[in-house]
Every structure is written in C-alpha cells, then in structure tokens.
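Q: Below is the structure I would like to discuss, written out as structure tokens.
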Amino acid sequence: MRRPKSKDFRKQQRVSEENEIKLLDSWIQNQLPERGSNPISLPPLPKNAPVGRFDDNTFSRYAGEARFEQLPLSKKTKDGLREVKFVTMTDIQRASLPHALCVRDILGASKTGSGKTLAFIIPVLEKLRRERWGLEDGVGSIIISPTRELAGQLFDVLKSIGKYHNFSAGLLIGGRKDVDMEKERVNELNILICTPDRLLQHMDETPNFDCSQMQVLVLDEADRILDSGFKKELNVFISQPM
C-alpha cells in the first residue's frame with residue numbers, strides 16, 4: 001500500500017514547480033525570437049553547447065535549435081518526449097515551437113508525417129503547465145480534428161507525451177454511445193480533443209458547458225475541417241464568448 005505524501009513533501013514539490021515555471025518564463029522572455037522570423041534560418045548551436053541559464057543570468061538560445069532538450073520545456077514534458085525517444089525536431093517543429101512557446105498565434109503547413117502533432121501538443125501542455133492549470137480549472141485547451149481517426153491518433157500522442165503531467169483529457173468524437181457520460185464529465189476535463197460535430201453537440205446539449213477560460217485553441221488540418229463543410233460550425237464556436 002502506497003503511503004500518502006506528507007505535507008512537507010507536497011510543499012517542496014509545489015515550490016519546485018513554481019521555481020521551474022519562473023525559470024522557464026525568464027528563459028522564454030530572455031531569448032524571444034523576432035516576430036515573423038523563421039528559426040530554421042538560424043544555424044543550430046554546437047551539440048555540446050550549454051543549455052539553460054548561465055552565471056550572468058542570461059540564457060541559451062532556443063530559436064533555431066535542433067533538439068527538444070534545448071527548448072525551454074518543463075521536466076515533465078521532456079521526460080515524456082525522452083520516454084518515447086523523441087530527440088531531434090523536424091522542420092515544422094523547429095519553425096513553430098519557438099514562437100508557440102511565446103504564446104503566439106501559429107499558422108503552419110507541412111505534409112503528412114512531418115511532425116505537426118507535436119508542434120501543437122507540446123505548446124498546449126506547456127501553456128497549461130505555466131498557468132498552473134489544475135483539475136478544478138476546467139477546460140483549458142480544445143483541439144479540433146476533422147475525423148474520428150485523426151482525433152484518436154492525437155489523443156494517443158497526448159497521452160504518451162503528457163503522461164507525467166496531471167491534466168485530465170477527453171476524446172469527444174461522434175459515433176460513441178457514451179455521450180451522456182461525456183456530458184457529466186466534460187467540464188471537468190482540461191484538454192478536449194474532438195471532432196467539430198461532437199463539440200457543437202456538447203455546446204447545444206450539455207448543461208453549463210463552459211470553455212470561457214480556454215487558453216489554447218488548435219485547429220488540426222484546418223483546411224480539411226473547412227472543406228468538410230464545418231466552416232459554419234467553427235464560426236459558431238469561435239464567436240462564443242471566451
């Protein structure tokens with residue numbers, strides 16, 4: 001039987017997390033990439049270059065780097081990446097992550113298999129982490145995907161990369177019989193991965209469905225979502241007060 005963690009341990013853990021968040025915020029702000037710049041145009045630093053904060057309270061560059069360990073990411077995210085053996089970033093990740101970690105709006109395009117999923121899953125995890133998002137805070141991010149199959153794949157990636165975080169997540173897709181159970185729990189979930197029709201169903205039918213505190217909205221394969229006739233539904237959702 002596992003012993004409950006002591007009050008002192010929980011306090012130490014909380015202080016450690018707060019210190020990490022302060023460090024990451026300082027790192028991000030200290031090395032902000034220029035708006036509109038393409039980090040891929042920067043040559044990566046040498047492989048043995050130091051990473052993080054230096055003695056003079058400056059930080060290593062993260063825009064243009066090639067490896068996940070060189071980014072200002074939480075230990076929990078880095079542990080998740082390391083466990084599934086993600087080490088080197090793809091071009092879409094190198095181009096977008098330095099800007100996404102600064103909480104900038106991103107419009108990205110690349111072919112299938114290029115690593116787009118991590119390019120938005122990581123910023124979702126990191127934004128909620130830095131906001132100290134908890135189970136009681138409700139919906140913090142919604143990721144909309146055009147099909148059930150793609151949504152399921154995203155959910156699997158989220159579970160593997162985010163396994164060390166404490167966020168609750170739900171997969172909301174059409175064709176499932178447990179919609180009533182979803183309605184009971186959806187406001188308790190921090191991250192929703194859903195298809196447009198299922199999201200609109202909850203907006204129409206779920207009492208007190210609340211995404212007013214949402215921090216990050218992701219449209220995965222936005223062109224396919226719009227081509228599939230969901231433009232009207234998306235406009236309805238985006239027009240809701242957040």
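Note on naming: chains are A, B, ... as they come in the structure tokens, residues start from 1 per chain, ligands start from 1 in the order shown.
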Would you mind writing down, as a PyMOL selection string, each residue of segment 197-229 of chain A that DSSP on the backbone assigns to strand (DSSP E)?
A: chain A and resi 216-219
Q: Would you mind exporting the chosen residues as a short mmCIF file (atom, residue, chain, number, x, y, z; two decimals), in the first residue's frame, restricted to N, CA, C and O atoms?
A:
```cif
data_model
loop_
_atom_site.label_atom_id
_atom_site.label_comp_id
_atom_site.auth_asym_id
_atom_site.auth_seq_id
_atom_site.Cartn_x
_atom_site.Cartn_y
_atom_site.Cartn_z
N VAL A 216 -5.85 27.78 -25.03
CA VAL A 216 -5.29 27.42 -26.33
C VAL A 216 -6.35 26.73 -27.18
O VAL A 216 -6.97 25.76 -26.73
N LEU A 217 -6.54 27.22 -28.41
CA LEU A 217 -7.42 26.56 -29.39
C LEU A 217 -6.57 26.10 -30.56
O LEU A 217 -5.80 26.88 -31.12
N VAL A 218 -6.73 24.82 -30.92
CA VAL A 218 -5.97 24.25 -32.03
C VAL A 218 -6.94 23.71 -33.07
O VAL A 218 -7.87 22.96 -32.74
N LEU A 219 -6.73 24.09 -34.33
CA LEU A 219 -7.46 23.50 -35.45
C LEU A 219 -6.48 22.62 -36.21
O LEU A 219 -5.60 23.12 -36.91
#
```
Q: When you look at segment 199-203 of chain A with a cut-off of 9 Å (counting only C-alpha atoms), what residues show up, excluding the ones that are within fewer than 4 positions of it in the same chain? I need them as a list in words.
A: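 Answer for this query is Ile144, Leu172, Ile173, Val179, Glu182, Lys183, Val186, Cys194, Thr195, Pro207, Asn208, Phe209, Asp210, Glu233, Leu234, Val236 and Phe237 of chain A.
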Q: Would you output that residue set with all heavy atoms, as a CSV table (one decimal), in the first residue's frame?
A:
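Generated file (part_4.csv):
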```csv
chain,number,residue,atom,x,y,z
A,144,ILE,N,-9.4,20.6,-32.2
A,144,ILE,CA,-10.4,20.2,-33.1
A,144,ILE,C,-9.8,19.5,-34.3
A,144,ILE,O,-8.9,20.1,-34.9
A,144,ILE,CB,-11.3,21.3,-33.6
A,144,ILE,CG1,-11.9,22.1,-32.4
A,144,ILE,CG2,-12.4,20.8,-34.5
A,144,ILE,CD1,-12.7,23.4,-32.8
A,172,LEU,N,-13.6,13.4,-27.5
A,172,LEU,CA,-15.0,13.6,-27.8
A,172,LEU,C,-15.2,13.5,-29.3
A,172,LEU,O,-14.9,14.4,-30.1
A,172,LEU,CB,-15.5,14.9,-27.3
A,172,LEU,CG,-15.1,15.4,-25.9
A,172,LEU,CD1,-15.7,16.7,-25.6
A,172,LEU,CD2,-15.5,14.3,-24.9
A,173,ILE,N,-15.8,12.3,-29.7
A,173,ILE,CA,-16.0,12.1,-31.2
A,173,ILE,C,-17.3,11.5,-31.4
A,173,ILE,O,-17.9,10.8,-30.5
A,173,ILE,CB,-14.9,11.2,-31.8
A,173,ILE,CG1,-14.8,9.8,-31.0
A,173,ILE,CG2,-13.5,11.9,-31.7
A,173,ILE,CD1,-13.8,8.9,-31.6
A,179,VAL,N,-22.3,9.4,-24.8
A,179,VAL,CA,-22.4,10.9,-24.8
A,179,VAL,C,-22.9,11.4,-23.5
A,179,VAL,O,-22.6,12.5,-23.0
A,179,VAL,CB,-23.2,11.3,-26.0
A,179,VAL,CG1,-24.6,10.8,-25.9
A,179,VAL,CG2,-23.2,12.9,-26.2
A,182,GLU,N,-20.2,11.6,-21.2
A,182,GLU,CA,-19.4,12.8,-21.5
A,182,GLU,C,-20.0,14.1,-21.0
A,182,GLU,O,-19.3,14.9,-20.5
A,182,GLU,CB,-19.2,12.9,-23.1
A,182,GLU,CG,-18.3,11.9,-23.7
A,182,GLU,CD,-18.2,12.1,-25.2
A,182,GLU,OE1,-18.8,13.1,-25.7
A,182,GLU,OE2,-17.6,11.3,-25.8
A,183,LYS,N,-21.3,14.2,-21.1
A,183,LYS,CA,-22.0,15.4,-20.6
A,183,LYS,C,-21.7,15.6,-19.2
A,183,LYS,O,-21.7,16.8,-18.7
A,183,LYS,CB,-23.5,15.3,-21.0
A,183,LYS,CG,-23.8,15.4,-22.4
A,183,LYS,CD,-25.3,15.3,-22.7
A,183,LYS,CE,-25.6,15.4,-24.2
A,183,LYS,NZ,-27.1,15.2,-24.4
A,186,VAL,N,-17.5,16.5,-19.0
A,186,VAL,CA,-16.8,17.4,-19.9
A,186,VAL,C,-16.3,18.6,-19.3
A,186,VAL,O,-15.1,19.1,-19.6
A,186,VAL,CB,-17.7,17.7,-21.2
A,186,VAL,CG1,-18.8,18.6,-20.8
A,186,VAL,CG2,-16.8,18.3,-22.3
A,194,CYS,N,-11.5,16.7,-30.0
A,194,CYS,CA,-12.8,16.5,-30.5
A,194,CYS,C,-13.0,16.7,-32.0
A,194,CYS,O,-12.2,17.4,-32.6
A,194,CYS,CB,-13.8,17.3,-29.7
A,194,CYS,SG,-13.4,19.1,-29.7
A,195,THR,N,-14.1,16.2,-32.6
A,195,THR,CA,-14.5,16.5,-33.9
A,195,THR,C,-15.4,17.7,-33.8
A,195,THR,O,-16.1,17.9,-32.8
A,195,THR,CB,-15.1,15.3,-34.6
A,195,THR,OG1,-16.1,14.8,-33.7
A,195,THR,CG2,-14.1,14.2,-34.9
A,207,PRO,N,-25.5,20.9,-20.4
A,207,PRO,CA,-25.8,22.0,-19.4
A,207,PRO,C,-24.5,22.6,-18.9
A,207,PRO,O,-23.6,21.9,-18.5
A,207,PRO,CB,-26.6,21.3,-18.3
A,207,PRO,CG,-27.2,20.1,-18.9
A,207,PRO,CD,-26.1,19.6,-19.9
A,208,ASN,N,-24.4,23.9,-19.0
A,208,ASN,CA,-23.3,24.6,-18.4
A,208,ASN,C,-22.0,24.3,-19.0
A,208,ASN,O,-20.9,24.4,-18.4
A,208,ASN,CB,-23.2,24.4,-16.9
A,208,ASN,CG,-24.5,24.8,-16.1
A,208,ASN,OD1,-25.1,25.8,-16.4
A,208,ASN,ND2,-25.0,23.9,-15.2
A,209,PHE,N,-22.0,23.8,-20.3
A,209,PHE,CA,-20.7,23.6,-20.9
A,209,PHE,C,-19.9,24.9,-21.0
A,209,PHE,O,-20.4,25.9,-21.5
A,209,PHE,CB,-20.9,23.1,-22.4
A,209,PHE,CG,-19.7,22.8,-23.1
A,209,PHE,CD1,-18.8,21.9,-22.7
A,209,PHE,CD2,-19.4,23.6,-24.3
A,209,PHE,CE1,-17.6,21.7,-23.4
A,209,PHE,CE2,-18.2,23.4,-25.0
A,209,PHE,CZ,-17.3,22.4,-24.6
A,210,ASP,N,-18.7,24.9,-20.4
A,210,ASP,CA,-18.0,26.1,-20.2
A,210,ASP,C,-16.6,26.1,-20.7
A,210,ASP,O,-15.8,25.3,-20.3
A,210,ASP,CB,-18.0,26.5,-18.7
A,210,ASP,CG,-17.3,27.8,-18.4
A,210,ASP,OD1,-17.1,28.6,-19.3
A,210,ASP,OD2,-17.0,28.0,-17.2
A,233,GLU,N,-20.1,25.7,-38.4
A,233,GLU,CA,-20.0,25.3,-37.1
A,233,GLU,C,-18.8,26.0,-36.3
A,233,GLU,O,-18.9,26.4,-35.2
A,233,GLU,CB,-19.8,23.8,-37.0
A,233,GLU,CG,-21.1,23.0,-37.3
A,233,GLU,CD,-21.3,22.8,-38.8
A,233,GLU,OE1,-20.6,23.4,-39.6
A,233,GLU,OE2,-22.3,22.1,-39.2
A,234,LEU,N,-17.6,26.1,-37.0
A,234,LEU,CA,-16.5,26.7,-36.4
A,234,LEU,C,-16.7,28.2,-36.1
A,234,LEU,O,-16.3,28.7,-35.1
A,234,LEU,CB,-15.3,26.6,-37.3
A,234,LEU,CG,-14.5,25.2,-37.3
A,234,LEU,CD1,-13.4,25.2,-38.3
A,234,LEU,CD2,-14.0,24.9,-35.9
A,236,VAL,N,-19.6,29.5,-35.4
A,236,VAL,CA,-20.4,29.5,-34.2
A,236,VAL,C,-19.6,29.3,-33.0
A,236,VAL,O,-19.8,30.1,-32.0
A,236,VAL,CB,-21.5,28.4,-34.3
A,236,VAL,CG1,-22.3,28.2,-33.0
A,236,VAL,CG2,-22.5,28.7,-35.5
A,237,PHE,N,-18.7,28.4,-33.0
A,237,PHE,CA,-17.9,28.1,-31.8
A,237,PHE,C,-17.0,29.3,-31.5
A,237,PHE,O,-16.9,29.8,-30.4
A,237,PHE,CB,-17.0,26.9,-32.0
A,237,PHE,CG,-16.1,26.6,-30.9
A,237,PHE,CD1,-16.5,26.3,-29.6
A,237,PHE,CD2,-14.7,26.8,-31.1
A,237,PHE,CE1,-15.6,26.1,-28.6
A,237,PHE,CE2,-13.8,26.6,-30.1
A,237,PHE,CZ,-14.3,26.2,-28.8
```
Q: What does the structure give for the distance between atom CA of Lys76 of chain A and atom CA of Gln215 of chain A, in Å to one decimal?
A: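 Spanning atom CA of Lys76 of chain A to atom CA of Gln215 of chain A is a straight-line distance of 19.5 Å.
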Q: Write out as JSON lines the residues of segment 92-178 of chain A that have any atom within 10 Å of an atom of segment 62-72 of chain A, one row each with the nearest atom pair and its distance in Å to one decimal, counting only C-alpha atoms, sorted by chain and then rising number.
A:
```
{"residue": "A:Gln93", "atom": "CA", "partner": "A:Ala66", "partner_atom": "CA", "distance": 9.1}
{"residue": "A:Arg94", "atom": "CA", "partner": "A:Gly64", "partner_atom": "CA", "distance": 6.3}
{"residue": "A:Ala95", "atom": "CA", "partner": "A:Gly64", "partner_atom": "CA", "distance": 7.5}
{"residue": "A:Ser96", "atom": "CA", "partner": "A:Ala63", "partner_atom": "CA", "distance": 9.3}
{"residue": "A:Leu97", "atom": "CA", "partner": "A:Ala63", "partner_atom": "CA", "distance": 8.3}
{"residue": "A:Pro98", "atom": "CA", "partner": "A:Ala63", "partner_atom": "CA", "distance": 5.4}
{"residue": "A:His99", "atom": "CA", "partner": "A:Ala63", "partner_atom": "CA", "distance": 8.3}
{"residue": "A:Leu101", "atom": "CA", "partner": "A:Pro72", "partner_atom": "CA", "distance": 8.1}
{"residue": "A:Glu126", "atom": "CA", "partner": "A:Pro72", "partner_atom": "CA", "distance": 9.3}
```
